[in-house]
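One structure is given here, and the rest of the page talks about it.
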2 protein chains.
Amino acid sequence: MTTTQLSLEEIYLIALKALKAAGADEHNASAVADIVMKAERDGSHSHGLFRMPGYVASLQSGKVNGQANPELHVRTPVVLHCDGDLGYAPLAHQRSLGKLAKAATSNGVATLSITRTHHFAALWPETEALAEQGLVAITCVSYLPNVAPFGSHEKLFGTNPIAFAWPRPNDSPVVFDMATAAMAMGDVQIAARDGKTVPEGTGLNADGNETTDAAEIIKGMLLPFGGYKGSHIAMMIELLAGPLVGETTSFRSQKRDSGDGGPPRGGQFILAINPELLSAGNWHDEGEAFLDRLSGLDGTRLPGKRRYQNRLNLGPREINTELLKKIGVAV
Amino acid sequence: MTTTQLSLEEIYLIALKALKAAGADEHNASAVADIVMKAERDGSHSHGLFRMPGYVASLQSGKVNGQANPELHVRTPVVLHCDGDLGYAPLAHQRSLGKLAKAATSNGVATLSITRTHHFAALWPETEALAEQGLVAITCVSYLPNVAPFGSHEKLFGTNPIAFAWPRPNDSPVVFDMATAAMAMGDVQIAARDGKTVPEGTGLNADGNETTDAAEIIKGMLLPFGGYKGSHIAMMIELLAGPLVGETTSFRSQKRDSGDGGPPRGGQFILAINPELLSAGNWHDEGEAFLDRLSGLDGTRLPGKRRYQNRLNLGPREINTELLKKIGVAV
């Protein structure tokens with residue numbers, strides 16, 4: 001794979017220009033470009049520039065609104081709703097996460113439901129932002145049906161990621177962000193592009209038989225992680241990110257999707273909790289004692305650590321040259 | 001295995017008498033006996049009479065308070081706290097779930113933190129009770145360290161179950177209740193008792209090597225379900241059921257535990273959400289469309305269905321005769 005070195009600033013500008021050329025206004029384009037840059041910064045390549053062709057296609061097809069003006073509605077002091085106005089999710093986040101944090105901080109718990117949105121990014125940024133304000137955060141989204149429920153041979157679940165963040169007053173938050181598919185579709189796509197195989201149990205071919213050929217899985221379907229238990233978690237995410245917030249589940253999202261290669265319209269569920277209020281103040285020592293013990297075990301690492309380490313590198317990133325040609329924007 | 005037929009009433013009375021003989025008052029004994037009977041009724045044997053020796057031992061040792069008087073504190077309109085007064089959890093539930101349901105129904109979301117409690121039962125009853133009032137519910141507890149975090153060979157996590165319930169206005173709720181260990185310790189204990197092996201990936205022996213011998217795993221440790229992803233979920237549960245609610249994580253719970261064979265003192269986190277408020281009323285059709293599709297797939301079954309089917313049988317249950325001798329209470 002040939003790569004090209006690009007600074008974080010250049011990555012941001014490439015994304016910004018490509019989004020604006022595809023019809024996004026400054027607000028929408030800069031919110032998405034920032035998220036794309038942060039993914040590359042943190043080493044999360046499958047959510048970085050790799051996503052640009054999909055972002056651009058969905059703006060060009062008219063499915064995604066590049067002039068979206070997301071609006072926040074306060075349904076109760078602890079139930080916030082953001083109408084995404086059919087745009088990409090990052091602008092909706094910019095306009096509503098601060099208010100969610102405020103509601104959770106003062107009341108102890110609050111939810112943010114986002115509807116009519118297109119989420120095509122990693123989930124950790126939302127939870128990390130909340131944890132950096134001292135809150136425990138959970139979020140999930142569904143997607144297009146790519147995953148066969150445990151025991152079946154038919155796609156129904158999305159890859160359905162869930163992210164969780166735990167604040168640490170004197171350290172970076174502990175954050176995990178994982179697909180409930182055995183592997184994220186972005187990683188299967190990268191393996192297929194690079195001609196690599198994937199581990200057994202990742203997915204089934206179009207006939208419903210197990211395969212380790214990434215390209216066959218793309219034509220077929222993924223499996224949930226962890227058998228029936230992972231399948232339960234994927235089911236829960238469908239319900240939380242869809243019906244609970246007033247949006248569709250993956251298979252119904254697909255029915256109205258244009259198939260332009262970008263993300264479907266769907267919902268997002270975000271929960272924020274103030275540990276100071278729930279624990280009456282003694283959450284910190286117990287949490288730290290546990291995390292110190294966990295991170296001290298041979299063979300373990302706290303989730304999110306690698307992202308923070310990558311972030312310390314302010315230098316250029318290696319970007320796939322073929323991908324840059326495909327995006328087609330000069331730096 | 002020799003079994004004895006007992007009616008549900010007889011199961012309840014055996015549990016009640018054994019608990020009272022061990023020092024529990026009527027309120028505490030009846031709350032636990034009811035949960036034990038319901039587990040047998042629903043076919044959840046590892047949470048039924050099988051638990052009685054542990055319940056009794058922890059009352060006799062004085063670790064668990066058989067005269068517990070759990071008290072509810074309202075920290076904010078959506079943050080409820082119940083001090084379990086060192087008793088078993090069921091009485092705390094009886095006294096606080098109704099108020100949690102009320103808070104979630106009117107505000108949209110609410111949490112219940114239970115501290116200084118001993119949870120030795122299944123988790124589905126709490127979430128099912130909330131879902132039957134039209135709420136989405138999630139709960140989790142930690143336990144004693146029995147599970148090695150992914151990649152390590154040292155026990156740190158409890159078997160850490162999580163339960164989720166989704167209400168269905170015209171049907172029984174969808175409810176899953178699962179250990180985040182590859183297998184619940186109760187099921188490993190039953191396999192060991194019956195001389196059966198367990199699937200690969202269930203656990204490690206005391207030297208940290210994989211084994212399918214249930215007795216060796218009891219001496220060694222369990223593994224999380226689903227590799228590193230299941231390990232993340234187990235970590236999240238430690239943090240939610242411990243520090244978040246003002247209680248300890250599994251390894252610190254063990255440090256103050258008497259080792260009497262019963263459950264350690266710990267915490268419980270319960271979240272309840274009103275889908276009517278979050279979705280602005282359109283959660284039902286989307287949820288039903290998804291659940292109909294899921295339950296219609298070959299090879300799948302909605303979680304909780306088997307429990308509801310077992311419940312329709314009002315007849316006697318087959319109880320292990322050796323176990324009854326061990327409990328030692330005449331019907």
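In the structure tokens, each chain is lettered A, B, ... as it comes, each chain's residues begin at 1, and ligands are numbered from 1 in order of appearance.
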Next on the checklist: Give me, as number ranges by chain, all polymer residues having an atom no more than 12 Å from range 306-314 of chain A, counting only C-alpha atoms and skipping those fewer than 3 positions away in the same chain.
Outcome noted: A: 6-9, 37-45, 124-125, 128, 171-177, 301-303, 317
Checklist entry - For chain A against chain B, which residues fall within 6 Å using only C-alpha atoms, given as a PyMOL selection string? => result chain A and resi 151-152+225-226+243-246+275+278-279+282-283+286-287+298-300
Item to check | Nearby residues (only C-alpha atoms) at most 7 Å from Asn160 in chain B, same-chain spacing under 2 positions excluded, as an MDAnalysis selection string | outcome: chainID B and resid 140:143 158 162 179:180 234 237
Checklist entry - Could you state the separation of CA of Arg265 in chain A and CA of Val32 in chain A in Å, given to one decimal place? => result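 CA of Val32 in chain A lies at a distance of 15.9 Å from CA of Arg265 in chain A.
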Checklist entry - When DSSP works through the backbone of this structure, what residues of range 74-236 of chain A end up as strand (DSSP E or B), shown as a PyMOL selection string? => result chain A and resi 74-76+79-83+88+109-118+136-141+147+157+161-166+174-179+181+197+203-204+210-211+213+221-222+224
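Separating CA of Gly87 in chain B from CA of Gly66 in chain B is a distance of 6.0 Å.
Residues in contact with Glu216 in chain A at 12 Å, where only C-alpha atoms are counted and same-chain residues fewer than 6 positions away are skipped, are listed as A:Val188, A:Gln189, A:Ala191, A:Ala192, A:Gly195, A:Lys196, A:Thr197, A:Val198, A:Thr202, A:Gly203, A:Leu204, A:Asn205, A:Ala206, A:Asp207, A:Gly208, A:Asn209, A:Glu210, A:Leu222.
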